[in-house]
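Shown next: query.pdb, given as PDB, N, CA and C atoms and all ligand atoms.
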ATOM      1  N   MET A   2     146.785  40.583 201.983  1.00  0.00           N
ATOM      2  CA  MET A   2     146.408  41.153 203.277  1.00  0.00           C
ATOM      3  C   MET A   2     147.319  42.320 203.621  1.00  0.00           C
ATOM      4  N   CYS A   3     146.717  43.323 204.210  1.00  0.00           N
ATOM      5  CA  CYS A   3     147.460  44.524 204.591  1.00  0.00           C
ATOM      6  C   CYS A   3     148.479  44.201 205.681  1.00  0.00           C
ATOM      7  N   ASP A   4     149.724  44.631 205.511  1.00  0.00           N
ATOM      8  CA  ASP A   4     150.774  44.331 206.484  1.00  0.00           C
ATOM      9  C   ASP A   4     150.493  44.979 207.832  1.00  0.00           C
ATOM     10  N   VAL A   5     149.960  46.189 207.831  1.00  0.00           N
ATOM     11  CA  VAL A   5     149.681  46.878 209.098  1.00  0.00           C
ATOM     12  C   VAL A   5     148.544  46.178 209.840  1.00  0.00           C
ATOM     13  N   CYS A   6     147.461  45.879 209.125  1.00  0.00           N
ATOM     14  CA  CYS A   6     146.340  45.176 209.760  1.00  0.00           C
ATOM     15  C   CYS A   6     146.777  43.814 210.282  1.00  0.00           C
ATOM     16  N   ARG A   7     147.616  43.117 209.511  1.00  0.00           N
ATOM     17  CA  ARG A   7     148.096  41.800 209.924  1.00  0.00           C
ATOM     18  C   ARG A   7     148.897  41.921 211.226  1.00  0.00           C
ATOM     19  N   LEU A   8     149.806  42.900 211.291  1.00  0.00           N
ATOM     20  CA  LEU A   8     150.665  43.036 212.463  1.00  0.00           C
ATOM     21  C   LEU A   8     149.898  43.556 213.673  1.00  0.00           C
ATOM     22  N   GLU A   9     148.845  44.323 213.434  1.00  0.00           N
ATOM     23  CA  GLU A   9     148.068  44.866 214.544  1.00  0.00           C
ATOM     24  C   GLU A   9     146.808  44.054 214.804  1.00  0.00           C
ATOM     25  N   ASN A  10     146.717  42.900 214.144  1.00  0.00           N
ATOM     26  CA  ASN A  10     145.575  41.993 214.309  1.00  0.00           C
ATOM     27  C   ASN A  10     144.238  42.681 214.061  1.00  0.00           C
ATOM     28  N   LYS A  11     144.214  43.502 213.039  1.00  0.00           N
ATOM     29  CA  LYS A  11     142.956  44.114 212.651  1.00  0.00           C
ATOM     30  C   LYS A  11     142.378  43.342 211.467  1.00  0.00           C
ATOM     31  N   ASN A  12     141.103  43.351 211.363  1.00  0.00           N
ATOM     32  CA  ASN A  12     140.451  42.673 210.248  1.00  0.00           C
ATOM     33  C   ASN A  12     140.283  43.662 209.103  1.00  0.00           C
ATOM     34  N   SER A  13     141.154  43.559 208.100  1.00  0.00           N
ATOM     35  CA  SER A  13     141.116  44.563 207.035  1.00  0.00           C
ATOM     36  C   SER A  13     139.859  44.421 206.178  1.00  0.00           C
ATOM     37  N   ILE A  14     139.279  43.216 206.122  1.00  0.00           N
ATOM     38  CA  ILE A  14     138.052  43.058 205.340  1.00  0.00           C
ATOM     39  C   ILE A  14     136.901  43.777 206.025  1.00  0.00           C
ATOM     40  N   LEU A  15     136.921  43.750 207.349  1.00  0.00           N
ATOM     41  CA  LEU A  15     135.871  44.409 208.112  1.00  0.00           C
ATOM     42  C   LEU A  15     135.901  45.925 207.900  1.00  0.00           C
ATOM     43  N   SER A  16     137.081  46.511 207.852  1.00  0.00           N
ATOM     44  CA  SER A  16     137.158  47.962 207.731  1.00  0.00           C
ATOM     45  C   SER A  16     137.221  48.441 206.292  1.00  0.00           C
ATOM     46  N   ASN A  17     137.468  47.545 205.348  1.00  0.00           N
ATOM     47  CA  ASN A  17     137.638  47.972 203.962  1.00  0.00           C
ATOM     48  C   ASN A  17     136.715  47.300 202.970  1.00  0.00           C
ATOM     49  N   GLY A  18     135.918  46.369 203.417  1.00  0.00           N
ATOM     50  CA  GLY A  18     135.194  45.569 202.458  1.00  0.00           C
ATOM     51  C   GLY A  18     136.175  44.681 201.718  1.00  0.00           C
ATOM     52  N   ASP A  19     135.845  44.298 200.500  1.00  0.00           N
ATOM     53  CA  ASP A  19     136.784  43.433 199.783  1.00  0.00           C
ATOM     54  C   ASP A  19     137.563  44.195 198.723  1.00  0.00           C
ATOM     55  N   LYS A  20     137.775  45.476 198.950  1.00  0.00           N
ATOM     56  CA  LYS A  20     138.623  46.235 198.034  1.00  0.00           C
ATOM     57  C   LYS A  20     140.028  45.623 198.026  1.00  0.00           C
ATOM     58  N   PRO A  21     140.647  45.572 196.880  1.00  0.00           N
ATOM     59  CA  PRO A  21     141.977  44.964 196.828  1.00  0.00           C
ATOM     60  C   PRO A  21     143.029  45.829 197.545  1.00  0.00           C
ATOM     61  N   ASN A  22     143.991  45.156 198.128  1.00  0.00           N
ATOM     62  CA  ASN A  22     145.100  45.882 198.741  1.00  0.00           C
ATOM     63  C   ASN A  22     145.955  46.502 197.653  1.00  0.00           C
ATOM     64  N   ASN A  23     146.558  47.619 197.970  1.00  0.00           N
ATOM     65  CA  ASN A  23     147.509  48.149 197.008  1.00  0.00           C
ATOM     66  C   ASN A  23     148.921  48.112 197.588  1.00  0.00           C
ATOM     67  N   GLY A  24     149.878  47.770 196.730  1.00  0.00           N
ATOM     68  CA  GLY A  24     151.260  47.734 197.156  1.00  0.00           C
ATOM     69  C   GLY A  24     151.800  49.147 197.239  1.00  0.00           C
ATOM     70  N   SER A  25     152.380  49.484 198.382  1.00  0.00           N
ATOM     71  CA  SER A  25     152.969  50.808 198.532  1.00  0.00           C
ATOM     72  C   SER A  25     154.460  50.674 198.756  1.00  0.00           C
ATOM     73  N   LYS A  26     155.159  51.720 198.395  1.00  0.00           N
ATOM     74  CA  LYS A  26     156.607  51.682 198.533  1.00  0.00           C
ATOM     75  C   LYS A  26     157.057  52.670 199.589  1.00  0.00           C
ATOM     76  N   LEU A  27     158.009  52.230 200.415  1.00  0.00           N
ATOM     77  CA  LEU A  27     158.606  53.115 201.418  1.00  0.00           C
ATOM     78  C   LEU A  27     160.057  53.346 201.009  1.00  0.00           C
ATOM     79  N   TYR A  28     160.438  54.616 200.914  1.00  0.00           N
ATOM     80  CA  TYR A  28     161.748  54.935 200.350  1.00  0.00           C
ATOM     81  C   TYR A  28     162.796  55.250 201.402  1.00  0.00           C
ATOM     82  N   ARG A  29     162.373  55.493 202.627  1.00  0.00           N
ATOM     83  CA  ARG A  29     163.342  55.933 203.622  1.00  0.00           C
ATOM     84  C   ARG A  29     163.717  54.864 204.630  1.00  0.00           C
ATOM     85  N   VAL A  30     163.155  53.668 204.472  1.00  0.00           N
ATOM     86  CA  VAL A  30     163.373  52.629 205.476  1.00  0.00           C
ATOM     87  C   VAL A  30     164.754  52.002 205.349  1.00  0.00           C
ATOM     88  N   TYR A  31     165.095  51.569 204.137  1.00  0.00           N
ATOM     89  CA  TYR A  31     166.367  50.901 203.911  1.00  0.00           C
ATOM     90  C   TYR A  31     167.251  51.807 203.066  1.00  0.00           C
ATOM     91  N   LEU A  32     168.497  51.888 203.451  1.00  0.00           N
ATOM     92  CA  LEU A  32     169.432  52.732 202.734  1.00  0.00           C
ATOM     93  C   LEU A  32     169.622  52.214 201.306  1.00  0.00           C
ATOM     94  N   GLY A  33     169.253  53.001 200.350  1.00  0.00           N
ATOM     95  CA  GLY A  33     169.462  52.635 198.954  1.00  0.00           C
ATOM     96  C   GLY A  33     168.546  51.553 198.430  1.00  0.00           C
ATOM     97  N   LYS A  34     167.593  51.109 199.250  1.00  0.00           N
ATOM     98  CA  LYS A  34     166.672  50.069 198.785  1.00  0.00           C
ATOM     99  C   LYS A  34     165.241  50.506 199.055  1.00  0.00           C
ATOM    100  N   ILE A  35     164.330  49.957 198.281  1.00  0.00           N
ATOM    101  CA  ILE A  35     162.927  50.295 198.444  1.00  0.00           C
ATOM    102  C   ILE A  35     162.222  49.170 199.180  1.00  0.00           C
ATOM    103  N   ALA A  36     161.450  49.545 200.194  1.00  0.00           N
ATOM    104  CA  ALA A  36     160.640  48.566 200.902  1.00  0.00           C
ATOM    105  C   ALA A  36     159.245  48.565 200.295  1.00  0.00           C
ATOM    106  N   SER A  37     158.754  47.381 200.009  1.00  0.00           N
ATOM    107  CA  SER A  37     157.427  47.254 199.414  1.00  0.00           C
ATOM    108  C   SER A  37     156.477  46.637 200.432  1.00  0.00           C
ATOM    109  N   VAL A  38     155.420  47.355 200.769  1.00  0.00           N
ATOM    110  CA  VAL A  38     154.471  46.850 201.757  1.00  0.00           C
ATOM    111  C   VAL A  38     153.082  46.770 201.139  1.00  0.00           C
ATOM    112  N   ASN A  39     152.303  45.825 201.632  1.00  0.00           N
ATOM    113  CA  ASN A  39     150.900  45.738 201.234  1.00  0.00           C
ATOM    114  C   ASN A  39     150.076  46.560 202.200  1.00  0.00           C
ATOM    115  N   LEU A  40     149.298  47.484 201.678  1.00  0.00           N
ATOM    116  CA  LEU A  40     148.441  48.290 202.538  1.00  0.00           C
ATOM    117  C   LEU A  40     147.002  48.191 202.070  1.00  0.00           C
ATOM    118  N   CYS A  41     146.092  48.160 203.032  1.00  0.00           N
ATOM    119  CA  CYS A  41     144.686  48.191 202.672  1.00  0.00           C
ATOM    120  C   CYS A  41     144.324  49.624 202.251  1.00  0.00           C
ATOM    121  N   HIS A  42     143.106  49.785 201.822  1.00  0.00           N
ATOM    122  CA  HIS A  42     142.679  51.093 201.335  1.00  0.00           C
ATOM    123  C   HIS A  42     142.868  52.174 202.401  1.00  0.00           C
ATOM    124  N   LEU A  43     142.434  51.902 203.618  1.00  0.00           N
ATOM    125  CA  LEU A  43     142.522  52.900 204.691  1.00  0.00           C
ATOM    126  C   LEU A  43     143.961  53.241 205.041  1.00  0.00           C
ATOM    127  N   HIS A  44     144.792  52.218 205.184  1.00  0.00           N
ATOM    128  CA  HIS A  44     146.177  52.486 205.548  1.00  0.00           C
ATOM    129  C   HIS A  44     146.938  53.136 204.398  1.00  0.00           C
ATOM    130  N   GLY A  45     146.549  52.820 203.163  1.00  0.00           N
ATOM    131  CA  GLY A  45     147.154  53.484 202.014  1.00  0.00           C
ATOM    132  C   GLY A  45     146.866  54.977 202.031  1.00  0.00           C
ATOM    133  N   ILE A  46     145.630  55.325 202.359  1.00  0.00           N
ATOM    134  CA  ILE A  46     145.251  56.740 202.447  1.00  0.00           C
ATOM    135  C   ILE A  46     146.011  57.413 203.582  1.00  0.00           C
ATOM    136  N   GLU A  47     146.098  56.698 204.714  1.00  0.00           N
ATOM    137  CA  GLU A  47     146.795  57.274 205.869  1.00  0.00           C
ATOM    138  C   GLU A  47     148.260  57.562 205.539  1.00  0.00           C
ATOM    139  N   LEU A  48     148.920  56.611 204.878  1.00  0.00           N
ATOM    140  CA  LEU A  48     150.326  56.819 204.494  1.00  0.00           C
ATOM    141  C   LEU A  48     150.453  58.034 203.582  1.00  0.00           C
ATOM    142  N   PHE A  49     149.545  58.138 202.643  1.00  0.00           N
ATOM    143  CA  PHE A  49     149.579  59.262 201.707  1.00  0.00           C
ATOM    144  C   PHE A  49     149.396  60.594 202.448  1.00  0.00           C
ATOM    145  N   CYS A  50     148.515  60.605 203.449  1.00  0.00           N
ATOM    146  CA  CYS A  50     148.194  61.853 204.153  1.00  0.00           C
ATOM    147  C   CYS A  50     149.274  62.274 205.142  1.00  0.00           C
ATOM    148  N   VAL A  51     149.775  61.344 205.940  1.00  0.00           N
ATOM    149  CA  VAL A  51     150.685  61.742 207.026  1.00  0.00           C
ATOM    150  C   VAL A  51     152.151  61.638 206.630  1.00  0.00           C
ATOM    151  N   GLY A  52     152.461  60.866 205.582  1.00  0.00           N
ATOM    152  CA  GLY A  52     153.853  60.716 205.184  1.00  0.00           C
ATOM    153  C   GLY A  52     154.488  59.516 205.868  1.00  0.00           C
ATOM    154  N   GLU A  53     155.617  59.107 205.283  1.00  0.00           N
ATOM    155  CA  GLU A  53     156.252  57.857 205.691  1.00  0.00           C
ATOM    156  C   GLU A  53     156.707  57.846 207.147  1.00  0.00           C
ATOM    157  N   SER A  54     157.380  58.914 207.597  1.00  0.00           N
ATOM    158  CA  SER A  54     157.949  58.920 208.949  1.00  0.00           C
ATOM    159  C   SER A  54     156.861  58.845 210.004  1.00  0.00           C
ATOM    160  N   ARG A  55     155.836  59.664 209.842  1.00  0.00           N
ATOM    161  CA  ARG A  55     154.756  59.668 210.837  1.00  0.00           C
ATOM    162  C   ARG A  55     153.931  58.405 210.769  1.00  0.00           C
ATOM    163  N   PHE A  56     153.805  57.843 209.572  1.00  0.00           N
ATOM    164  CA  PHE A  56     153.061  56.595 209.430  1.00  0.00           C
ATOM    165  C   PHE A  56     153.756  55.487 210.205  1.00  0.00           C
ATOM    166  N   LEU A  57     155.087  55.390 210.072  1.00  0.00           N
ATOM    167  CA  LEU A  57     155.828  54.347 210.783  1.00  0.00           C
ATOM    168  C   LEU A  57     155.832  54.603 212.280  1.00  0.00           C
ATOM    169  N   ALA A  58     155.840  55.872 212.679  1.00  0.00           N
ATOM    170  CA  ALA A  58     155.818  56.197 214.101  1.00  0.00           C
ATOM    171  C   ALA A  58     154.493  55.795 214.738  1.00  0.00           C
ATOM    172  N   SER A  59     153.416  55.884 213.971  1.00  0.00           N
ATOM    173  CA  SER A  59     152.127  55.535 214.551  1.00  0.00           C
ATOM    174  C   SER A  59     151.799  54.051 214.354  1.00  0.00           C
ATOM    175  N   HIS A  60     152.582  53.359 213.543  1.00  0.00           N
ATOM    176  CA  HIS A  60     152.400  51.903 213.395  1.00  0.00           C
ATOM    177  C   HIS A  60     153.734  51.241 213.697  1.00  0.00           C
ATOM    178  N   ILE A  61     154.069  51.267 214.991  1.00  0.00           N
ATOM    179  CA  ILE A  61     155.392  50.824 215.417  1.00  0.00           C
ATOM    180  C   ILE A  61     155.608  49.334 215.133  1.00  0.00           C
ATOM    181  N   GLU A  62     154.515  48.555 215.123  1.00  0.00           N
ATOM    182  CA  GLU A  62     154.667  47.125 214.815  1.00  0.00           C
ATOM    183  C   GLU A  62     155.234  46.931 213.409  1.00  0.00           C
ATOM    184  N   LEU A  63     154.775  47.780 212.489  1.00  0.00           N
ATOM    185  CA  LEU A  63     155.285  47.688 211.116  1.00  0.00           C
ATOM    186  C   LEU A  63     156.757  48.091 211.079  1.00  0.00           C
ATOM    187  N   ALA A  64     157.102  49.138 211.813  1.00  0.00           N
ATOM    188  CA  ALA A  64     158.500  49.592 211.832  1.00  0.00           C
ATOM    189  C   ALA A  64     159.411  48.497 212.370  1.00  0.00           C
ATOM    190  N   ILE A  65     158.974  47.819 213.432  1.00  0.00           N
ATOM    191  CA  ILE A  65     159.774  46.736 214.013  1.00  0.00           C
ATOM    192  C   ILE A  65     159.900  45.586 213.018  1.00  0.00           C
ATOM    193  N   ASP A  66     158.784  45.230 212.393  1.00  0.00           N
ATOM    194  CA  ASP A  66     158.800  44.116 211.450  1.00  0.00           C
ATOM    195  C   ASP A  66     159.673  44.431 210.238  1.00  0.00           C
ATOM    196  N   LEU A  67     159.680  45.683 209.821  1.00  0.00           N
ATOM    197  CA  LEU A  67     160.540  46.097 208.706  1.00  0.00           C
ATOM    198  C   LEU A  67     162.009  45.878 209.066  1.00  0.00           C
ATOM    199  N   GLY A  68     162.322  46.069 210.358  1.00  0.00           N
ATOM    200  CA  GLY A  68     163.692  45.856 210.800  1.00  0.00           C
ATOM    201  C   GLY A  68     164.037  44.387 210.953  1.00  0.00           C
ATOM    202  N   GLU A  69     163.071  43.602 211.427  1.00  0.00           N
ATOM    203  CA  GLU A  69     163.368  42.198 211.732  1.00  0.00           C
ATOM    204  C   GLU A  69     163.259  41.296 210.511  1.00  0.00           C
ATOM    205  N   ASN A  70     162.384  41.629 209.589  1.00  0.00           N
ATOM    206  CA  ASN A  70     162.163  40.760 208.432  1.00  0.00           C
ATOM    207  C   ASN A  70     162.419  41.507 207.135  1.00  0.00           C
ATOM    208  N   ARG A  71     163.647  41.979 206.988  1.00  0.00           N
ATOM    209  CA  ARG A  71     163.990  42.779 205.811  1.00  0.00           C
ATOM    210  C   ARG A  71     163.672  42.072 204.502  1.00  0.00           C
ATOM    211  N   ASN A  72     163.963  40.763 204.464  1.00  0.00           N
ATOM    212  CA  ASN A  72     163.795  40.032 203.195  1.00  0.00           C
ATOM    213  C   ASN A  72     162.358  40.008 202.729  1.00  0.00           C
ATOM    214  N   ARG A  73     161.448  40.135 203.666  1.00  0.00           N
ATOM    215  CA  ARG A  73     160.041  40.109 203.304  1.00  0.00           C
ATOM    216  C   ARG A  73     159.639  41.376 202.541  1.00  0.00           C
ATOM    217  N   TYR A  74     160.309  42.473 202.841  1.00  0.00           N
ATOM    218  CA  TYR A  74     159.873  43.764 202.299  1.00  0.00           C
ATOM    219  C   TYR A  74     160.769  44.359 201.227  1.00  0.00           C
ATOM    220  N   ILE A  75     162.059  44.021 201.279  1.00  0.00           N
ATOM    221  CA  ILE A  75     162.972  44.662 200.325  1.00  0.00           C
ATOM    222  C   ILE A  75     162.582  44.296 198.903  1.00  0.00           C
ATOM    223  N   GLN A  76     162.455  45.317 198.113  1.00  0.00           N
ATOM    224  CA  GLN A  76     162.082  45.109 196.728  1.00  0.00           C
ATOM    225  C   GLN A  76     163.348  44.893 195.934  1.00  0.00           C
ATOM    226  N   THR A  77     163.448  43.717 195.291  1.00  0.00           N
ATOM    227  CA  THR A  77     164.686  43.392 194.607  1.00  0.00           C
ATOM    228  C   THR A  77     164.740  43.980 193.211  1.00  0.00           C
ATOM    229  N   SER A  78     163.598  44.090 192.579  1.00  0.00           N
ATOM    230  CA  SER A  78     163.575  44.632 191.229  1.00  0.00           C
ATOM    231  C   SER A  78     163.086  46.078 191.251  1.00  0.00           C
ATOM    232  N   TYR A  79     163.686  46.889 190.457  1.00  0.00           N
ATOM    233  CA  TYR A  79     163.263  48.287 190.403  1.00  0.00           C
ATOM    234  C   TYR A  79     162.298  48.529 189.249  1.00  0.00           C
ATOM    235  N   PHE A  80     161.909  47.468 188.578  1.00  0.00           N
ATOM    236  CA  PHE A  80     161.045  47.667 187.416  1.00  0.00           C
ATOM    237  C   PHE A  80     159.637  47.206 187.696  1.00  0.00           C
TER     238      PHE A  80
HETATM  239 ZN    ZN A 101     145.360  48.000 206.898  1.00  0.00          ZN
END
I need this file expressed as structure tokens, please.
Ligand SMILES: [Zn+2]
Amino acid sequence: MCDVCRLENKNSILSNGDKPNNGSKLYRVYLGKIASVNLCHLHGIELFCVGESRFLASHIELAIDLGENRNRYIQTSYF
């Protein structure tokens, strides 16, 4: 399930059909660490188009959750 849709209580199946979520990486959230988020097709496109900073600014719930639940998102392996 898409992390943004989950946090904003949106139905990602309704807006995306059953296309699989793709894992996206955020590089500027944690110092020296990569945050890995699940995004639906639409939110993946949005992140690609607007960039990381503006994406987090427009999805403040995700930004807050990234701060509160670091362990959920921090990618431990770089491979
Ligand atoms: Zn989504």
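If you apply the PyMOL selection byres (((not hetatm)) within 6.5 of (chain A and resi 101)) to this structure, you end up with A:Cys3, A:Asp4, A:Val5, A:Cys6, A:Arg7, A:Ser13, A:Leu40, A:Cys41, A:His42, A:Leu43, A:His44, A:Gly45.
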So what does the PyMOL selection byres (((chain A and resi 31-34) around 8) and not hetatm) actually pick up in this one, as a compact mmCIF listing (two decimals) with N, CA and C atoms, in the coordinates of the input?
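Below you can see selection12.txt, which holds the result:
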# COMPACT_ATOMS: atom_id res chain seq x y z
N LEU A 27 158.01 52.23 200.42
CA LEU A 27 158.61 53.12 201.42
C LEU A 27 160.06 53.35 201.01
N TYR A 28 160.44 54.62 200.91
CA TYR A 28 161.75 54.94 200.35
C TYR A 28 162.80 55.25 201.40
N ARG A 29 162.37 55.49 202.63
CA ARG A 29 163.34 55.93 203.62
C ARG A 29 163.72 54.86 204.63
N VAL A 30 163.16 53.67 204.47
CA VAL A 30 163.37 52.63 205.48
C VAL A 30 164.75 52.00 205.35
N ILE A 35 164.33 49.96 198.28
CA ILE A 35 162.93 50.30 198.44
C ILE A 35 162.22 49.17 199.18
N ALA A 36 161.45 49.54 200.19
CA ALA A 36 160.64 48.57 200.90
C ALA A 36 159.24 48.56 200.30
N SER A 37 158.75 47.38 200.01
CA SER A 37 157.43 47.25 199.41
C SER A 37 156.48 46.64 200.43
N TYR A 74 160.31 42.47 202.84
CA TYR A 74 159.87 43.76 202.30
C TYR A 74 160.77 44.36 201.23
N ILE A 75 162.06 44.02 201.28
CA ILE A 75 162.97 44.66 200.32
C ILE A 75 162.58 44.30 198.90
N GLN A 76 162.46 45.32 198.11
CA GLN A 76 162.08 45.11 196.73
C GLN A 76 163.35 44.89 195.93
N THR A 77 163.45 43.72 195.29
CA THR A 77 164.69 43.39 194.61
C THR A 77 164.74 43.98 193.21
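DSSP secondary structure from the backbone places Asn23, Gly24, Ser25, Lys26, Leu27, Tyr28, Arg29, Val30, Tyr31, Lys34, Ile35, Ala36, Ser37, Val38, Asn39, Leu40 and Ile75 of chain A of chain A in strand (DSSP E or B).
Computed from the coordinates, the atom CA of Ser25 of chain A to atom N of Val38 of chain A distance equals 4.8 Å.
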Can you tell me, as a short mmCIF file (atom, residue, chain, number, x, y, z; two decimals) with N, CA and C atoms, keeping the file's coordinate frame, what residues are no more than 7 Å from segment 60-63 of chain A when counting all atoms listed in the file, ignoring any on the same chain fewer than 2 positions away?
data_model
loop_
_atom_site.label_atom_id
_atom_site.label_comp_id
_atom_site.auth_asym_id
_atom_site.auth_seq_id
_atom_site.Cartn_x
_atom_site.Cartn_y
_atom_site.Cartn_z
N ASP A 4 149.72 44.63 205.51
CA ASP A 4 150.77 44.33 206.48
C ASP A 4 150.49 44.98 207.83
N VAL A 5 149.96 46.19 207.83
CA VAL A 5 149.68 46.88 209.10
C VAL A 5 148.54 46.18 209.84
N LEU A 8 149.81 42.90 211.29
CA LEU A 8 150.66 43.04 212.46
C LEU A 8 149.90 43.56 213.67
N GLU A 9 148.84 44.32 213.43
CA GLU A 9 148.07 44.87 214.54
C GLU A 9 146.81 44.05 214.80
N ARG A 55 155.84 59.66 209.84
CA ARG A 55 154.76 59.67 210.84
C ARG A 55 153.93 58.40 210.77
N PHE A 56 153.80 57.84 209.57
CA PHE A 56 153.06 56.60 209.43
C PHE A 56 153.76 55.49 210.20
N LEU A 57 155.09 55.39 210.07
CA LEU A 57 155.83 54.35 210.78
C LEU A 57 155.83 54.60 212.28
N ALA A 58 155.84 55.87 212.68
CA ALA A 58 155.82 56.20 214.10
C ALA A 58 154.49 55.80 214.74
N ILE A 65 158.97 47.82 213.43
CA ILE A 65 159.77 46.74 214.01
C ILE A 65 159.90 45.59 213.02
N ASP A 66 158.78 45.23 212.39
CA ASP A 66 158.80 44.12 211.45
C ASP A 66 159.67 44.43 210.24
N LEU A 67 159.68 45.68 209.82
CA LEU A 67 160.54 46.10 208.71
C LEU A 67 162.01 45.88 209.07
N GLY A 68 162.32 46.07 210.36
CA GLY A 68 163.69 45.86 210.80
C GLY A 68 164.04 44.39 210.95
#
Resolved residues for the PyMOL selection byres (((chain A and resi 23 and name CA) around 6) and not hetatm and name CA) as a compact mmCIF listing (two decimals) with N, CA and C atoms, in the coordinates of the input:
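Generated file (part_26.txt):
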# COMPACT_ATOMS: atom_id res chain seq x y z
N ASN A 22 143.99 45.16 198.13
CA ASN A 22 145.10 45.88 198.74
C ASN A 22 145.96 46.50 197.65
N GLY A 24 149.88 47.77 196.73
CA GLY A 24 151.26 47.73 197.16
C GLY A 24 151.80 49.15 197.24
N ASN A 39 152.30 45.82 201.63
CA ASN A 39 150.90 45.74 201.23
C ASN A 39 150.08 46.56 202.20
N LEU A 40 149.30 47.48 201.68
CA LEU A 40 148.44 48.29 202.54
C LEU A 40 147.00 48.19 202.07
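The interatomic distance for the pair atom N of Ile14 of chain A and atom N of Met2 of chain A works out to 9.0 Å.
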>> Using DSSP assignments from the backbone, pull out every residue in chain A that falls under helix (DSSP H, G or I) and give it to me as a PyMOL selection string.
In response: chain A and resi 4-8+13-17+42-51+53-59+61-69+71-74
> Interatomic distance between atom N of Glu69 of chain A and atom CA of Ile46 of chain A?
Replying inline: 23.9 Å
